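Asks: Structure supplied as run_21.cif; contents: mmCIF, C-alpha atoms and all ligand atoms.
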data_input
loop_
_atom_site.label_atom_id
_atom_site.label_comp_id
_atom_site.auth_asym_id
_atom_site.auth_seq_id
_atom_site.Cartn_x
_atom_site.Cartn_y
_atom_site.Cartn_z
CA MET O 1 6.35 -44.44 9.19
CA TRP O 2 5.28 -42.59 6.07
CA LEU O 3 2.15 -41.44 7.79
CA PHE O 4 4.14 -40.24 10.74
CA ILE O 5 6.43 -38.15 8.55
CA GLN O 6 3.54 -36.69 6.62
CA ARG O 7 1.78 -35.67 9.78
CA LEU O 8 4.95 -34.19 11.16
CA LEU O 9 5.46 -32.21 7.96
CA PHE O 10 1.92 -30.97 8.10
CA LEU O 11 2.41 -29.74 11.63
CA VAL O 12 5.68 -28.03 10.81
CA LEU O 13 4.15 -26.30 7.80
CA GLY O 14 1.18 -25.17 9.85
CA PHE O 15 3.48 -23.71 12.45
CA THR O 16 5.59 -21.91 9.85
CA ALA O 17 2.57 -20.32 8.18
CA CYS O 18 1.37 -19.14 11.56
CA LEU O 19 4.71 -17.56 12.39
CA SER O 20 5.08 -15.67 9.16
CA GLN O 21 2.56 -12.84 9.53
CA ALA O 22 3.70 -12.30 13.11
CA GLN O 23 7.30 -12.04 11.93
CA ILE O 24 6.37 -9.53 9.24
CA PHE O 25 4.17 -7.35 11.46
CA THR O 26 3.93 -6.59 15.16
CA PHE O 27 0.41 -7.50 16.31
CA ASN O 28 1.15 -7.37 20.01
CA VAL O 29 -0.87 -4.33 21.14
CA PRO O 30 -3.46 -3.84 23.92
CA ALA O 31 -6.94 -5.20 23.20
CA ASP O 32 -8.50 -1.73 23.11
CA GLN O 33 -5.85 -0.29 20.78
CA GLY O 34 -6.54 -1.93 17.44
CA LEU O 35 -5.53 -5.48 18.29
CA CYS O 36 -6.22 -7.81 15.35
CA SER O 37 -8.18 -10.87 16.48
CA ASP O 38 -6.81 -14.33 15.73
CA ALA O 39 -9.22 -14.57 12.78
CA GLN O 40 -8.08 -11.17 11.49
CA GLN O 41 -4.41 -12.15 11.82
CA THR O 42 -5.13 -15.31 9.86
CA LYS O 43 -6.83 -13.21 7.18
CA ILE O 44 -3.81 -10.88 7.05
CA GLY O 45 -1.73 -14.03 6.49
CA GLN O 46 -3.92 -14.68 3.43
CA PHE O 47 -3.49 -11.05 2.31
CA ILE O 48 0.28 -11.59 2.58
CA SER O 49 -0.02 -14.68 0.41
CA ASP O 50 -2.01 -12.73 -2.25
CA ALA O 51 0.44 -9.82 -2.07
CA LYS O 52 3.32 -12.25 -2.66
CA THR O 53 1.49 -13.47 -5.78
CA LEU O 54 0.88 -9.89 -6.99
CA VAL O 55 4.46 -8.76 -6.46
CA ALA O 56 5.82 -11.95 -8.08
CA ASP O 57 3.64 -11.31 -11.13
CA ALA O 58 4.70 -7.65 -11.33
CA LEU O 59 8.38 -8.64 -11.04
CA TRP O 60 7.83 -11.34 -13.67
CA ALA O 61 6.60 -8.58 -15.99
CA ILE O 62 9.80 -6.63 -15.25
CA ASP O 63 11.80 -9.72 -16.21
CA GLN O 64 10.01 -9.92 -19.55
CA ARG O 65 11.55 -6.68 -20.84
CA LYS O 66 14.07 -8.62 -22.92
CA THR O 67 11.24 -10.37 -24.79
CA HIS O 68 10.24 -7.03 -26.38
CA ASN O 69 6.69 -8.37 -26.34
CA PRO O 70 4.29 -5.47 -27.01
CA ALA O 71 1.32 -7.36 -25.55
CA LEU O 72 3.04 -7.37 -22.15
CA LEU O 73 5.22 -4.25 -22.21
CA ALA O 74 2.20 -2.13 -23.14
CA PHE O 75 0.94 -2.56 -19.57
CA PHE O 76 3.89 -0.44 -18.41
CA THR O 77 2.72 2.32 -20.72
CA SER O 78 -0.88 2.15 -19.49
CA TYR O 79 -0.15 2.17 -15.76
CA PHE O 80 3.25 3.89 -15.42
CA GLY O 81 3.50 5.99 -18.59
CA ILE O 82 6.68 4.13 -19.61
CA ARG O 83 7.26 4.59 -23.34
CA TRP O 84 9.08 2.30 -25.75
CA THR O 85 10.66 2.58 -29.17
CA ALA O 86 8.40 1.37 -31.99
CA ASP O 87 9.76 -2.20 -31.83
CA TYR O 88 9.66 -2.25 -28.01
CA SER O 89 13.39 -2.99 -27.90
CA ARG O 90 14.36 0.09 -25.87
CA PHE O 91 12.86 2.80 -23.67
CA GLY O 92 11.33 5.65 -25.63
CA ASP O 93 13.02 8.32 -23.53
CA THR O 94 15.24 8.89 -20.50
CA GLN O 95 12.32 9.54 -18.16
CA SER O 96 10.82 6.17 -19.01
CA ALA O 97 14.12 4.49 -18.09
CA LEU O 98 14.12 6.33 -14.75
CA ALA O 99 10.48 5.48 -14.06
CA TRP O 100 11.27 1.83 -14.80
CA GLU O 101 14.05 1.85 -12.17
CA THR O 102 11.69 3.36 -9.59
CA VAL O 103 9.02 0.76 -10.33
CA HIS O 104 11.58 -2.04 -10.08
CA ASP O 105 13.00 -0.71 -6.79
CA THR O 106 9.53 -0.34 -5.25
CA LEU O 107 8.53 -3.88 -6.21
CA LYS O 108 11.80 -5.24 -4.81
CA ALA O 109 11.19 -3.42 -1.51
CA VAL O 110 7.67 -4.88 -1.25
CA LYS O 111 8.98 -8.37 -2.02
CA ALA O 112 11.82 -8.08 0.50
CA PHE O 113 9.35 -7.07 3.20
CA LEU O 114 6.96 -9.93 2.39
CA ASP O 115 9.91 -12.33 2.41
CA GLY O 116 10.56 -11.36 6.03
CA ASN O 117 13.54 -9.08 5.43
CA GLY O 118 11.93 -6.09 7.13
CA LEU O 119 11.74 -2.49 5.99
CA PRO O 120 14.58 -0.62 4.27
CA ALA O 121 17.09 0.71 6.82
CA GLU O 122 16.00 4.34 6.35
CA LEU O 123 12.48 3.44 7.55
CA GLN O 124 13.41 1.14 10.39
CA PHE O 125 14.41 2.64 13.75
CA THR O 126 13.07 0.28 16.39
CA GLY O 127 14.33 -3.03 15.03
CA ARG O 128 10.82 -4.42 15.52
CA PRO O 129 8.48 -5.29 12.63
CA PRO O 130 6.02 -2.46 11.88
CA PHE O 131 2.73 -2.44 13.78
CA ALA O 132 -0.40 -3.69 12.02
CA PHE O 133 -3.65 -2.52 13.59
CA CYS O 134 -7.21 -3.64 12.86
CA GLY O 135 -9.39 -0.56 13.15
CA ASP O 136 -8.21 2.88 14.26
CA ALA O 137 -8.76 2.54 18.01
CA THR O 138 -5.12 3.23 18.82
CA TYR O 139 -5.55 6.81 17.62
CA GLN O 140 -6.90 9.11 20.33
CA THR O 141 -8.29 12.45 19.19
CA ARG O 142 -6.31 15.47 20.36
CA GLY O 143 -6.66 19.23 20.05
CA TRP O 144 -4.03 21.44 18.46
CA GLY O 145 -3.63 23.33 21.74
CA ASP O 146 -3.03 20.18 23.81
CA MET O 147 0.41 19.72 25.29
CA ALA O 148 2.59 17.43 23.22
CA VAL O 149 4.59 14.47 24.50
CA ASP O 150 7.85 13.09 23.21
CA TYR O 151 8.81 9.50 22.46
CA GLN O 152 9.12 8.75 26.17
CA GLY O 153 5.59 10.07 26.77
CA ASP O 154 6.95 13.12 28.61
CA GLN O 155 5.81 16.69 28.13
CA ILE O 156 8.42 19.01 26.67
CA GLU O 157 9.34 22.10 28.66
CA LYS O 158 10.31 25.26 26.81
CA ASP O 159 12.98 27.73 27.97
CA ASP O 160 10.29 29.98 29.46
CA GLY O 161 8.93 27.17 31.64
CA THR O 162 5.79 26.56 29.57
CA TYR O 163 5.24 23.38 27.58
CA GLU O 164 5.24 22.68 23.86
CA THR O 165 1.79 22.16 22.35
CA ILE O 166 0.97 19.93 19.41
CA TRP O 167 0.55 23.14 17.41
CA ASP O 168 4.01 24.35 18.44
CA LEU O 169 5.65 21.18 17.18
CA TYR O 170 3.60 20.17 14.16
CA GLY O 171 1.50 23.18 13.13
CA ILE O 172 3.93 24.31 10.44
CA ASP O 173 2.98 21.25 8.35
CA PHE O 174 -0.75 21.92 8.68
CA PRO O 175 -1.17 25.72 8.55
CA GLU O 176 -4.90 25.60 7.76
CA ARG O 177 -5.68 23.40 10.73
CA SER O 178 -7.84 21.31 8.40
CA PHE O 179 -6.18 18.21 9.78
CA THR O 180 -7.02 16.72 13.16
CA PRO O 181 -4.19 15.48 15.41
CA PHE O 182 -4.39 11.97 16.85
CA TYR O 183 -2.11 10.33 19.38
CA SER O 184 -1.24 6.64 19.50
CA PRO O 185 -0.02 5.53 22.94
CA VAL O 186 1.25 2.26 21.47
CA GLN O 187 3.50 4.02 18.98
CA ARG O 188 4.01 7.08 21.17
CA GLY O 189 3.55 9.25 18.14
CA TYR O 190 1.11 11.54 16.40
CA ALA O 191 -0.82 11.12 13.19
CA PHE O 192 -2.65 13.88 11.35
CA THR O 193 -5.56 13.40 9.00
CA HIS O 194 -8.78 14.93 7.72
CA GLY O 195 -12.02 13.84 9.27
CA SER O 196 -13.34 12.97 12.67
CA ARG O 197 -11.54 9.61 12.83
CA PRO O 198 -8.67 8.16 10.76
CA CYS O 199 -10.94 5.41 9.39
CA ALA O 200 -13.99 7.65 8.90
CA ASP O 201 -15.40 8.28 5.45
CA THR O 202 -13.58 11.15 3.82
CA VAL O 203 -13.16 12.86 0.47
CA ASP O 204 -10.68 11.66 -2.12
CA LEU O 205 -8.01 13.75 -3.82
CA ASP O 206 -10.58 15.03 -6.33
CA GLY O 207 -13.01 16.03 -3.58
CA ASN O 208 -15.41 13.10 -4.05
CA PRO O 209 -16.80 11.15 -1.09
CA ALA O 210 -14.60 8.14 -0.38
CA GLN O 211 -14.31 5.31 2.09
CA THR O 212 -11.00 4.97 3.95
CA MET O 213 -9.98 1.35 3.46
CA ALA O 214 -6.60 1.32 5.16
CA PHE O 215 -3.67 3.63 5.69
CA VAL O 216 0.00 3.77 6.50
CA ALA O 217 1.18 6.26 9.11
CA LYS O 218 4.69 7.53 8.49
CA PRO O 219 6.83 9.37 11.03
CA LEU O 220 6.56 13.11 10.91
CA PHE O 221 9.34 14.93 12.68
CA PRO O 222 8.39 17.95 14.77
CA LYS O 223 9.65 21.39 13.78
CA THR O 224 11.39 22.58 16.88
CA THR O 225 14.91 23.05 18.12
CA GLY O 226 16.74 20.80 20.49
CA THR O 227 14.25 17.98 20.97
CA ILE O 228 14.24 16.29 17.56
CA GLU O 229 16.11 13.27 18.89
CA ALA O 230 13.25 12.62 21.29
CA PHE O 231 11.07 11.85 18.26
CA GLY O 232 13.47 9.96 16.08
CA LYS O 233 12.33 6.43 16.84
CA LEU O 234 9.04 6.06 15.01
CA ASP O 235 8.59 3.39 12.36
CA PRO O 236 5.77 3.46 9.82
CA SER O 237 2.72 1.38 10.68
CA MET O 238 -0.39 0.07 8.93
CA VAL O 239 -4.05 0.31 9.91
CA LEU O 240 -6.60 -1.93 8.24
CA CYS O 241 -9.95 -0.21 8.72
CA ASP O 242 -12.97 -2.47 9.31
CA VAL O 243 -14.07 -2.26 5.68
CA SER O 244 -10.82 -3.77 4.44
CA ILE O 245 -10.70 -6.66 6.93
CA ASP O 246 -14.38 -7.53 7.60
CA ILE O 247 -16.22 -9.75 5.12
CA PRO O 248 -17.22 -7.36 2.31
CA ALA O 249 -20.87 -6.43 1.92
CA GLU O 250 -22.49 -6.85 -1.50
CA ARG O 251 -22.56 -3.09 -2.03
CA ASP O 252 -18.83 -2.77 -1.36
CA ASN O 253 -18.08 -4.26 -4.78
CA MET O 254 -15.22 -6.20 -3.27
CA VAL O 255 -14.25 -9.79 -2.67
CA GLU O 256 -11.77 -10.99 -0.09
CA PHE O 257 -9.00 -12.68 -2.07
CA LEU O 258 -7.63 -13.21 -5.56
CA SER O 259 -9.12 -16.71 -5.46
CA ASP O 260 -12.63 -15.19 -5.17
CA ILE O 261 -12.35 -13.33 -8.48
CA GLU O 262 -14.52 -14.49 -11.35
CA TYR O 263 -12.25 -14.41 -14.39
CA PRO O 264 -13.76 -12.39 -17.27
CA THR O 265 -14.59 -14.14 -20.51
CA ALA O 266 -15.00 -12.80 -24.06
CA ASP O 267 -18.76 -12.58 -23.75
CA LYS O 268 -18.64 -11.15 -20.21
CA PRO O 269 -15.94 -8.45 -20.16
CA THR O 270 -15.30 -6.55 -16.92
CA GLY O 271 -13.59 -3.40 -15.72
CA LEU O 272 -10.41 -3.82 -13.68
CA ASP O 273 -12.01 -2.07 -10.70
CA ASP O 274 -15.46 -3.68 -10.99
CA LYS O 275 -14.62 -6.10 -8.18
CA LEU O 276 -11.26 -5.84 -6.45
CA PRO O 277 -10.04 -8.15 -3.70
CA GLN O 278 -9.43 -6.68 -0.25
CA SER O 279 -5.91 -8.09 -0.57
CA SER O 280 -5.30 -5.54 -3.34
CA SER O 281 -5.87 -2.70 -0.83
CA PHE O 282 -3.30 -4.36 1.39
CA PHE O 283 -0.89 -4.47 -1.58
CA HIS O 284 -1.51 -0.74 -2.19
CA GLU O 285 -0.56 -0.03 1.43
CA LEU O 286 2.60 -2.14 1.17
CA THR O 287 3.98 0.22 -1.49
CA HIS O 288 3.57 3.09 1.02
CA LEU O 289 4.94 1.10 3.92
CA THR O 290 8.15 -0.09 2.28
CA THR O 291 9.23 3.10 0.47
CA THR O 292 9.82 6.75 1.28
CA ASP O 293 8.38 8.20 -1.92
CA VAL O 294 5.29 6.23 -2.99
CA THR O 295 2.32 8.45 -2.21
CA ASP O 296 -1.31 8.95 -3.27
CA ARG O 297 -1.85 11.06 -6.38
CA TRP O 298 -4.90 9.43 -7.96
CA TYR O 299 -7.24 6.58 -7.01
CA PRO O 300 -9.81 6.06 -9.79
CA LEU O 301 -8.81 3.63 -12.54
CA ASP O 302 -9.50 6.07 -15.37
CA SER O 303 -7.49 8.84 -13.66
CA CYS O 304 -4.55 6.50 -13.08
CA ILE O 305 -4.43 5.48 -16.75
CA LYS O 306 -5.16 8.92 -18.17
CA ASN O 307 -2.57 10.67 -16.00
CA ALA O 308 0.08 8.02 -16.59
CA VAL O 309 -0.05 8.46 -20.35
CA ALA O 310 -1.03 12.13 -20.60
CA ASP O 311 2.56 13.29 -20.28
CA ASN O 312 4.81 13.42 -23.32
CA GLY O 313 7.97 12.27 -21.66
CA ILE O 314 9.24 15.74 -20.81
CA GLN O 315 8.82 14.83 -17.17
CA THR O 316 7.65 11.65 -15.52
CA SER O 317 3.93 11.63 -14.95
CA GLY O 318 4.33 10.60 -11.32
CA ALA O 319 2.59 7.26 -11.78
CA GLU O 320 5.72 5.50 -10.55
CA THR O 321 5.19 7.13 -7.16
CA ASN O 322 1.40 6.52 -7.02
CA ALA O 323 0.37 3.56 -4.86
CA GLN O 324 -2.86 2.89 -6.74
CA SER O 325 -0.95 2.66 -10.05
CA TYR O 326 1.09 -0.20 -8.58
CA MET O 327 -2.01 -2.00 -7.37
CA LEU O 328 -3.85 -1.66 -10.68
CA PHE O 329 -0.75 -2.66 -12.66
CA ALA O 330 -0.17 -5.75 -10.51
CA MET O 331 -3.83 -6.76 -10.84
CA ALA O 332 -3.72 -6.28 -14.64
CA ILE O 333 -0.59 -8.46 -14.90
CA TRP O 334 -2.13 -11.05 -12.58
CA TYR O 335 -5.17 -11.34 -14.90
CA TYR O 336 -2.96 -11.45 -17.97
CA ARG O 337 -0.72 -14.15 -16.54
CA HIS O 338 -3.31 -16.46 -14.96
CA PRO O 339 -6.23 -17.11 -17.32
CA PRO O 340 -8.11 -20.33 -16.59
CA ALA O 341 -7.41 -23.10 -19.11
CA GLY O 342 -8.94 -22.31 -22.48
CA VAL O 343 -9.79 -18.68 -21.63
CA THR O 344 -8.21 -15.78 -23.54
CA PRO O 345 -5.99 -13.66 -21.25
CA ALA O 346 -7.66 -10.45 -20.06
CA THR O 347 -5.98 -7.33 -21.47
CA PHE O 348 -6.75 -4.32 -19.31
CA TYR O 349 -4.72 -1.87 -21.44
CA GLN O 350 -7.39 0.78 -20.99
CA GLY O 351 -9.11 -0.69 -17.95
CA ARG O 352 -11.41 -3.24 -19.67
CA SER O 353 -10.69 -6.97 -19.81
CA ASN O 354 -11.16 -7.14 -23.60
CA ASP O 355 -9.16 -4.03 -24.59
CA LYS O 356 -7.71 -4.81 -28.01
CA LEU O 357 -5.75 -1.64 -28.50
CA HIS O 358 -2.66 -0.67 -26.60
CA ILE O 359 -2.54 2.86 -25.40
CA ASP O 360 -0.46 4.88 -27.85
CA ASN O 361 3.16 4.20 -27.11
ZN ZN T 1 -2.60 5.16 -0.37
#
As structure tokens, please, write out the structure in this file.
Replies:
Amino acid sequence: MWLFIQRLLFLVLGFTACLSQAQIFTFNVPADQGLCSDAQQTKIGQFISDAKTLVADALWAIDQRKTHNPALLAFFTSYFGIRWTADYSRFGDTQSALAWETVHDTLKAVKAFLDGNGLPAELQFTGRPPFAFCGDATYQTRGWGDMAVDYQGDQIEKDDGTYETIWDLYGIDFPERSFTPFYSPVQRGYAFTHGSRPCADTVDLDGNPAQTMAFVAKPLFPKTTGTIEAFGKLDPSMVLCDVSIDIPAERDNMVEFLSDIEYPTADKPTGLDDKLPQSSSFFHELTHLTTTDVTDRWYPLDSCIKNAVADNGIQTSGAETNAQSYMLFAMAIWYYRHPPAGVTPATFYQGRSNDKLHIDN
């Protein structure tokens, strides 16, 4: 009898775990349009599990504000530029209080999504979970002069009997034509990005060569009169490029999951970005997917920390709307909170696991 119940429980649990990533994302797309294989969907399930850990740790840090513990609250200064009074009992300025609210709201939105509650209402038009694609095959290259289609897939006739082009509808957002238009038949919408393909290698915000790991496509409404409603049904979606879902190569300096990380010790300190899990890229994308205002300002660890704290509180630095700042913060808190037994917690205040000094508060 016991055995029977245990086996039944095991089966039920297995079924539940299998359902969860398919409830959170829509994977049901044609095979040649970025369909995630069964193995890839299982891996995304593991990314979801890691992301739940990361957001729980980040929200735990939020909950610790009342402890006034400098060792923990200093992480908010390093990664979000949030300043405190000398005794860490209150925010140092109004902007820090506002940035704190933004950080809290973003983390709550990510958690709600991972818990199966969907996207915030202002991002959700179809009532269906957002698409997750593996690879960028759903995006077909288009030319700016090609005729555009609306949400129904129909061409759009102008008053003079000619048809709207992609340039007519979207050109105003990309005046230099340095972006390439792509069309996704699955989503019946356009995406615009630099480079020959959405997942191709590109340049980062500082102009350095960079590998596109993953991206979130957000709806962009065409600039025209009379036909806006024909485009009003796009939800954001996520693409995991091969490099963020395939087994990492040695040179990629990545591991797959949090559980693959080798925890730094006193005699072997590490940098926070020396070896990141692929699940941390997924977490970065979740902050884009579940909010309207989290964008990409800086990627490198040193830029994220420097720019977060460079400002003197006259304005917010913008770190609270930078996806990579969330990812690095959540990773730093994860390290701090989960040292193996007998190991000193890693303190990435300035990006190294053995940083003794807080960044000036
Ligand atoms: Zn991003």
Asks: Pick out the residues no farther than 7 Å from ligand ZN 1 (chain T), counting all atoms listed in the file, and list them as a list of chain:residue names.
Replies: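 I would give the residues around ligand ZN 1 (chain T) as O:Phe215, O:His284, O:Glu285, O:His288, O:Thr295, O:Asp296, O:Ala323, O:Gln324.
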Asks: Can you list every residue of range 275-308 of chain O that has an atom at most 8 Å from range 336-357 of chain O, with its nearest atom pair and the distance in Å to one decimal, using all atoms listed in the file, ordered by chain then number, as CSV?
Replies:
residue,atom,partner,partner_atom,distance
O:Leu301,CA,O:Gly351,CA,6.9
O:Asp302,CA,O:Gly351,CA,7.2
O:Ile305,CA,O:Gln350,CA,7.0
Asks: What does the distance from CA of Gly135 in chain O to CA of Leu35 in chain O come to in Å, to one decimal?
Replies: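 We find that CA of Gly135 in chain O and CA of Leu35 in chain O lie 8.1 Å from each other.
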Asks: Which of these residues is nearest to Ala71 in chain O, using all atoms listed in the file: O:Ala319, O:Ile333, O:Ile247, O:Val55?
Replies: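 Closest to Ala71 in chain O, using all atoms listed in the file: O:Ile333.
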Asks: Do you have the CA of Leu114 in chain O-CA of His68 in chain O distance handy?
Replies: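 The value is 29.1 Å.
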Asks: Have a look at O:Asn307, O:Thr321, O:Asn69, O:Thr290 and name the one nearest to Trp100 in chain O; count all atoms listed in the file.
Replies: O:Thr321
Asks: Give me, as a PyMOL selection string, all polymer residues having an atom no more than 7 Å from Phe27 in chain O, counting all atoms listed in the file and skipping those fewer than 3 positions away in the same chain.
Replies: chain O and resi 22+35-36+131-133
Asks: Compare O:Leu289, O:Leu107, O:Leu72, O:Ala31 by their minimum atom-to-atom distance to Leu54 in chain O, counting only C-alpha atoms, and give me the closest one.
Replies: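 Of O:Leu289, O:Leu107, O:Leu72, O:Ala31, the one nearest Leu54 in chain O is O:Leu107, counting only C-alpha atoms.
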Asks: Record the distance separating CA of Pro30 in chain O and CA of Lys52 in chain O, expressed in Å with one decimal.
Replies: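 One can read the CA of Pro30 in chain O to CA of Lys52 in chain O distance as 28.7 Å.
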Asks: Can you tell me which residues surround Tyr79 in chain O at a distance of at most 6 Å, considering all atoms listed in the file, apart from same-chain residues fewer than 4 positions away, and format the answer as a list in words?
Replies: Ile305, Ala308, Ser325 and Phe329 of chain O
Asks: List the spatial neighbours of Gly92 in chain O as a compact mmCIF listing (two decimals) with C-alpha atoms, keeping the file's coordinate frame - criterion: any atom at most 8 Å away, all atoms listed in the file, same-chain residues fewer than 4 positions off excluded.
Replies:
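Output below, filename selection.txt:
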# COMPACT_ATOMS: atom_id res chain seq x y z
CA ILE O 82 6.68 4.13 -19.61
CA ARG O 83 7.26 4.59 -23.34
CA TRP O 84 9.08 2.30 -25.75
CA THR O 85 10.66 2.58 -29.17
CA SER O 96 10.82 6.17 -19.01
Asks: Could you check which of O:Ala61, O:Val149, O:Ile166, O:Ile44 is closest to Leu240 in chain O, using all atoms listed in the file?
Replies: O:Ile44
Asks: So that I can check the surroundings of Val110 in chain O, please list as a count of residues only every protein, DNA and RNA residue that reaches within 12 Å of it, counting all atoms listed in the file and ignoring chain neighbours fewer than 3 positions away.
Replies: 37
Asks: Under the rule that only C-alpha atoms are counted, which of O:Gly34, O:Trp298, O:Asp160, O:Glu320 is the nearest residue to Asn208 in chain O?
Replies: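 Looking at the shortest contact to Asn208 in chain O, the residue is O:Trp298.
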Asks: Leaving out Glu256 in chain O and any residue of its chain fewer than 5 positions from it, which residues lie within 10 Å of it when counting all atoms listed in the file, given as a PyMOL selection string?
Replies: chain O and resi 43+46-47+244-248+261+275-280
Asks: Measuring atom to atom with all atoms listed in the file, identify which of O:Glu164, O:Thr138, O:Lys218, O:Trp144 is nearest to Glu176 in chain O.
Replies: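 Checking each candidate against Glu176 in chain O, we get O:Trp144 as the closest.
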